[in-house]
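Structure first, then comments.
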Amino acid sequence: MKFQLIDAVLERSDDRIVAIKNVTSAEEYLADHFPGFPVLPGVFMLEAMVQAARELLKDQSKVRLVLGNVRALRYGSFVRPGEALQVEVTREKIHEDGSFGMKGTALVVRSTGVGETAVSGRFTMRPVRIHAAVAATH
């Protein structure tokens, strides 16, 4: 199962992207997270930042990029159905090994406007690694 967590790109430059994820009650994972109090799971907030970073970097890397590591991740507000997650990701560094240092922040967007921070942190996008045993079978 693949979750597409970026609905639209709002802004884009060479080193920054702003994207939006609209959270609707039709999303099946909300029924279990949490019953009676549906909210966007924290791991999906992080995944939205990763997907935005992948979109930002798609023309800057010849290989598929995956999440390498996460540092200083902080969660704030919940994101409920009817609200949106506005994700801003900035490329901070390009490393010699082909990985990218990223900074991300996601804000809750409510009917009253942009609200509090839902999640923020730094992370690395790195080239996917194919292990020798897997490569030998292909």
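If you're wondering about the labels, chains in the structure tokens are A, B, ... by order shown, residues count from 1 in each chain, ligands from 1 in order shown.
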Pull the closest atom pair for each residue of stretch 84-103 of chain A that gets at most 12 Å from stretch 65-68 of chain A, along with the distance in Å to one decimal, counting only C-alpha atoms, ordering rows by chain and then ascending residue number, as JSON lines.
```
{"residue": "A:Asp97", "atom": "CA", "partner": "A:Gly68", "partner_atom": "CA", "distance": 11.9}
{"residue": "A:Gly98", "atom": "CA", "partner": "A:Leu65", "partner_atom": "CA", "distance": 9.3}
{"residue": "A:Ser99", "atom": "CA", "partner": "A:Leu65", "partner_atom": "CA", "distance": 8.1}
{"residue": "A:Phe100", "atom": "CA", "partner": "A:Leu65", "partner_atom": "CA", "distance": 9.2}
{"residue": "A:Gly101", "atom": "CA", "partner": "A:Gly68", "partner_atom": "CA", "distance": 9.5}
{"residue": "A:Met102", "atom": "CA", "partner": "A:Leu67", "partner_atom": "CA", "distance": 10.3}
```
Worksheet item: Near stretch 46-53 of chain A, counting only C-alpha atoms, which residues have an atom at most 8 Å away, once you skip same-chain residues fewer than 4 positions from it, shown as a ChimeraX atom specification?
Response: /A:5-6,17-19,21,42,57,66-67,87-91,102,104-106,119,125
Fill in: Polymer residues at most 12 Å from A:His33, only C-alpha atoms, same-chain spacing of 5 or more positions, as a ChimeraX atom specification
/A:25,27-28,38-44,78-81
Those residues you just picked out, can you put them in a file as a PDB file, in the first residue's frame with N, CA and C atoms?
```pdb
ATOM      1  N   SER A  25     -11.876  12.882   6.321  1.00  0.00           N
ATOM      2  CA  SER A  25     -12.384  11.763   7.117  1.00  0.00           C
ATOM      3  C   SER A  25     -12.498  10.485   6.288  1.00  0.00           C
ATOM      4  N   GLU A  27     -10.091   9.021   4.798  1.00  0.00           N
ATOM      5  CA  GLU A  27      -8.830   8.279   4.863  1.00  0.00           C
ATOM      6  C   GLU A  27      -8.959   7.167   5.903  1.00  0.00           C
ATOM      7  N   GLU A  28      -8.838   5.928   5.419  1.00  0.00           N
ATOM      8  CA  GLU A  28      -9.173   4.757   6.238  1.00  0.00           C
ATOM      9  C   GLU A  28      -8.336   4.601   7.503  1.00  0.00           C
ATOM     10  N   PRO A  38     -10.019  11.036  15.715  1.00  0.00           N
ATOM     11  CA  PRO A  38      -9.142  10.793  14.566  1.00  0.00           C
ATOM     12  C   PRO A  38      -8.151  11.931  14.342  1.00  0.00           C
ATOM     13  N   VAL A  39      -6.873  11.554  14.195  1.00  0.00           N
ATOM     14  CA  VAL A  39      -5.818  12.521  13.892  1.00  0.00           C
ATOM     15  C   VAL A  39      -4.822  11.886  12.928  1.00  0.00           C
ATOM     16  N   LEU A  40      -4.157  12.720  12.160  1.00  0.00           N
ATOM     17  CA  LEU A  40      -3.120  12.264  11.248  1.00  0.00           C
ATOM     18  C   LEU A  40      -1.969  11.682  12.075  1.00  0.00           C
ATOM     19  N   PRO A  41      -1.588  10.430  11.822  1.00  0.00           N
ATOM     20  CA  PRO A  41      -0.492   9.833  12.592  1.00  0.00           C
ATOM     21  C   PRO A  41       0.818  10.609  12.419  1.00  0.00           C
ATOM     22  N   GLY A  42       1.573  10.684  13.485  1.00  0.00           N
ATOM     23  CA  GLY A  42       2.847  11.400  13.456  1.00  0.00           C
ATOM     24  C   GLY A  42       3.800  10.885  12.396  1.00  0.00           C
ATOM     25  N   VAL A  43       3.835   9.581  12.199  1.00  0.00           N
ATOM     26  CA  VAL A  43       4.730   9.018  11.187  1.00  0.00           C
ATOM     27  C   VAL A  43       4.311   9.477   9.791  1.00  0.00           C
ATOM     28  N   PHE A  44       3.022   9.744   9.568  1.00  0.00           N
ATOM     29  CA  PHE A  44       2.566  10.254   8.272  1.00  0.00           C
ATOM     30  C   PHE A  44       2.968  11.717   8.095  1.00  0.00           C
ATOM     31  N   PHE A  78      -2.049  18.418  16.874  1.00  0.00           N
ATOM     32  CA  PHE A  78      -2.709  17.371  16.105  1.00  0.00           C
ATOM     33  C   PHE A  78      -3.237  17.967  14.796  1.00  0.00           C
ATOM     34  N   VAL A  79      -3.379  17.106  13.786  1.00  0.00           N
ATOM     35  CA  VAL A  79      -4.026  17.487  12.537  1.00  0.00           C
ATOM     36  C   VAL A  79      -5.242  16.588  12.381  1.00  0.00           C
ATOM     37  N   ARG A  80      -6.425  17.192  12.359  1.00  0.00           N
ATOM     38  CA  ARG A  80      -7.687  16.448  12.332  1.00  0.00           C
ATOM     39  C   ARG A  80      -8.327  16.500  10.947  1.00  0.00           C
ATOM     40  N   PRO A  81      -9.266  15.611  10.676  1.00  0.00           N
ATOM     41  CA  PRO A  81     -10.002  15.685   9.408  1.00  0.00           C
ATOM     42  C   PRO A  81     -10.633  17.073   9.233  1.00  0.00           C
TER      43      PRO A  81
END
```
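Comparing A:Thr124, A:Thr117, A:Ser61, A:Gln86 by their smallest distance to A:Ile20, the closest is A:Gln86 (using only C-alpha atoms).
The environment of A:Ser111 within 9 Å, counting only C-alpha atoms and disregarding residues fewer than 2 places along the same chain, consists of Gly82, Glu83, Val109, Gly113 and Val114 of chain A.
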What residues in chain A get the DSSP label alpha helix (DSSP H)? Please answer as a tab-separated table (two decimals) with N, CA and C atoms, in the first residue's frame.
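Okay, this is what ended up in result.tsv:
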```
chain	number	residue	atom	x	y	z
A	42	GLY	N	1.57	10.68	13.49
A	42	GLY	CA	2.85	11.40	13.46
A	42	GLY	C	3.80	10.89	12.40
A	43	VAL	N	3.84	9.58	12.20
A	43	VAL	CA	4.73	9.02	11.19
A	43	VAL	C	4.31	9.48	9.79
A	44	PHE	N	3.02	9.74	9.57
A	44	PHE	CA	2.57	10.25	8.27
A	44	PHE	C	2.97	11.72	8.10
A	45	MET	N	3.03	12.46	9.20
A	45	MET	CA	3.52	13.84	9.11
A	45	MET	C	4.98	13.83	8.64
A	46	LEU	N	5.78	12.95	9.23
A	46	LEU	CA	7.17	12.82	8.82
A	46	LEU	C	7.24	12.36	7.36
A	47	GLU	N	6.43	11.39	6.98
A	47	GLU	CA	6.42	10.90	5.61
A	47	GLU	C	6.03	12.00	4.63
A	48	ALA	N	5.14	12.90	5.00
A	48	ALA	CA	4.78	14.03	4.14
A	48	ALA	C	6.00	14.92	3.89
A	49	MET	N	6.82	15.14	4.92
A	49	MET	CA	8.05	15.92	4.74
A	49	MET	C	9.01	15.18	3.82
A	50	VAL	N	9.12	13.85	3.98
A	50	VAL	CA	10.00	13.05	3.14
A	50	VAL	C	9.53	13.10	1.68
A	51	GLN	N	8.23	12.97	1.45
A	51	GLN	CA	7.71	13.03	0.09
A	51	GLN	C	7.93	14.41	-0.53
A	52	ALA	N	7.78	15.46	0.25
A	52	ALA	CA	8.05	16.81	-0.25
A	52	ALA	C	9.54	16.95	-0.59
A	53	ALA	N	10.40	16.41	0.26
A	53	ALA	CA	11.84	16.47	-0.01
A	53	ALA	C	12.18	15.70	-1.29
A	54	ARG	N	11.58	14.53	-1.46
A	54	ARG	CA	11.81	13.74	-2.68
A	54	ARG	C	11.38	14.52	-3.92
A	55	GLU	N	10.25	15.21	-3.82
A	55	GLU	CA	9.78	16.04	-4.94
A	55	GLU	C	10.76	17.18	-5.22
A	56	LEU	N	11.24	17.82	-4.17
A	56	LEU	CA	12.20	18.91	-4.31
A	56	LEU	C	13.49	18.44	-4.98
A	57	LEU	N	13.96	17.25	-4.61
A	57	LEU	CA	15.26	16.75	-5.05
A	57	LEU	C	15.22	15.90	-6.31
A	132	ALA	N	24.44	-6.49	-1.58
A	132	ALA	CA	25.09	-7.40	-2.52
A	132	ALA	C	24.26	-8.65	-2.77
A	133	ALA	N	23.63	-9.22	-1.74
A	133	ALA	CA	22.84	-10.43	-1.90
A	133	ALA	C	21.62	-10.20	-2.80
A	134	VAL	N	20.99	-9.03	-2.66
A	134	VAL	CA	19.85	-8.69	-3.50
A	134	VAL	C	20.32	-8.42	-4.92
A	135	ALA	N	21.41	-7.69	-5.08
A	135	ALA	CA	21.92	-7.36	-6.40
A	135	ALA	C	22.33	-8.61	-7.18
A	136	ALA	N	22.83	-9.62	-6.46
A	136	ALA	CA	23.28	-10.86	-7.12
A	136	ALA	C	22.10	-11.64	-7.70
A	137	THR	N	20.91	-11.49	-7.15
A	137	THR	CA	19.75	-12.21	-7.64
A	137	THR	C	19.10	-11.52	-8.84
```
Practice prompt. Could you tell me which of A:Glu11, A:Lys62, A:Lys2, A:Asn22 comes closest to A:Val128 if we count only C-alpha atoms?
Written response: A:Lys62
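Coordinates place atom CA of A:Ser77 at a distance of 29.0 Å from atom CA of A:Asp14.
For the set A:Lys93, A:Lys103, A:Lys58, A:Arg129, the residue with the smallest atom-to-atom gap to A:Val70 is A:Lys103, counting only C-alpha atoms.
The spacing separating atom CA of A:Leu73 from atom CA of A:Val108 amounts to 16.2 Å.
Residue nearest A:Asp7, chosen from A:Arg126, A:Ala84, A:Ile94, A:Leu30 and counting only C-alpha atoms: A:Ala84.
Between atom CA of A:Gly115 and atom CA of A:Glu92 there is a distance of 24.7 Å.
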Enumerate as an mmCIF file with C-alpha atoms, in the first residue's frame all residues of stretch 8-104 of chain A assigned to strand (DSSP E) by DSSP on the backbone, naming them with the chain letters and numbers the document uses.
```cif
data_model
loop_
_atom_site.group_PDB
_atom_site.id
_atom_site.type_symbol
_atom_site.label_atom_id
_atom_site.label_comp_id
_atom_site.auth_asym_id
_atom_site.auth_seq_id
_atom_site.Cartn_x
_atom_site.Cartn_y
_atom_site.Cartn_z
ATOM 1 C CA ALA A 8 -0.235 19.852 -4.207
ATOM 2 C CA VAL A 9 2.974 21.852 -4.394
ATOM 3 C CA LEU A 10 2.317 25.480 -3.465
ATOM 4 C CA GLU A 11 5.807 26.959 -3.892
ATOM 5 C CA ARG A 12 9.114 25.689 -5.197
ATOM 6 C CA ARG A 16 12.872 24.960 -0.875
ATOM 7 C CA ILE A 17 9.418 23.502 -1.391
ATOM 8 C CA VAL A 18 6.050 24.165 0.220
ATOM 9 C CA ALA A 19 3.363 21.507 -0.208
ATOM 10 C CA ILE A 20 -0.038 20.705 1.244
ATOM 11 C CA LYS A 21 -1.744 17.559 2.524
ATOM 12 C CA ASN A 22 -5.502 17.855 3.014
ATOM 13 C CA LEU A 65 16.295 8.877 -2.453
ATOM 14 C CA VAL A 66 15.053 7.452 0.833
ATOM 15 C CA LEU A 67 14.990 8.669 4.419
ATOM 16 C CA GLY A 68 18.441 8.262 5.950
ATOM 17 C CA ASN A 69 18.148 9.593 9.475
ATOM 18 C CA VAL A 70 16.061 11.980 11.543
ATOM 19 C CA ARG A 71 17.297 14.417 14.163
ATOM 20 C CA ALA A 72 15.596 16.777 16.580
ATOM 21 C CA LEU A 73 12.086 15.740 15.536
ATOM 22 C CA ARG A 74 9.425 17.522 17.561
ATOM 23 C CA TYR A 75 5.684 17.081 17.414
ATOM 24 C CA ALA A 84 -4.512 20.427 6.297
ATOM 25 C CA LEU A 85 -0.807 19.946 6.847
ATOM 26 C CA GLN A 86 1.335 22.614 5.161
ATOM 27 C CA VAL A 87 4.831 21.210 4.730
ATOM 28 C CA GLU A 88 7.918 23.337 4.127
ATOM 29 C CA VAL A 89 11.193 21.564 3.403
ATOM 30 C CA THR A 90 14.531 23.252 2.775
ATOM 31 C CA ARG A 91 17.698 21.647 1.447
ATOM 32 C CA GLU A 92 20.476 22.743 3.794
ATOM 33 C CA LYS A 93 23.436 20.696 2.617
ATOM 34 C CA ILE A 94 24.632 18.436 -0.185
ATOM 35 C CA PHE A 100 21.112 15.742 1.309
ATOM 36 C CA GLY A 101 20.664 17.448 4.680
ATOM 37 C CA MET A 102 17.102 18.725 5.018
ATOM 38 C CA LYS A 103 15.097 20.865 7.420
ATOM 39 C CA GLY A 104 11.337 20.459 7.585
#
```
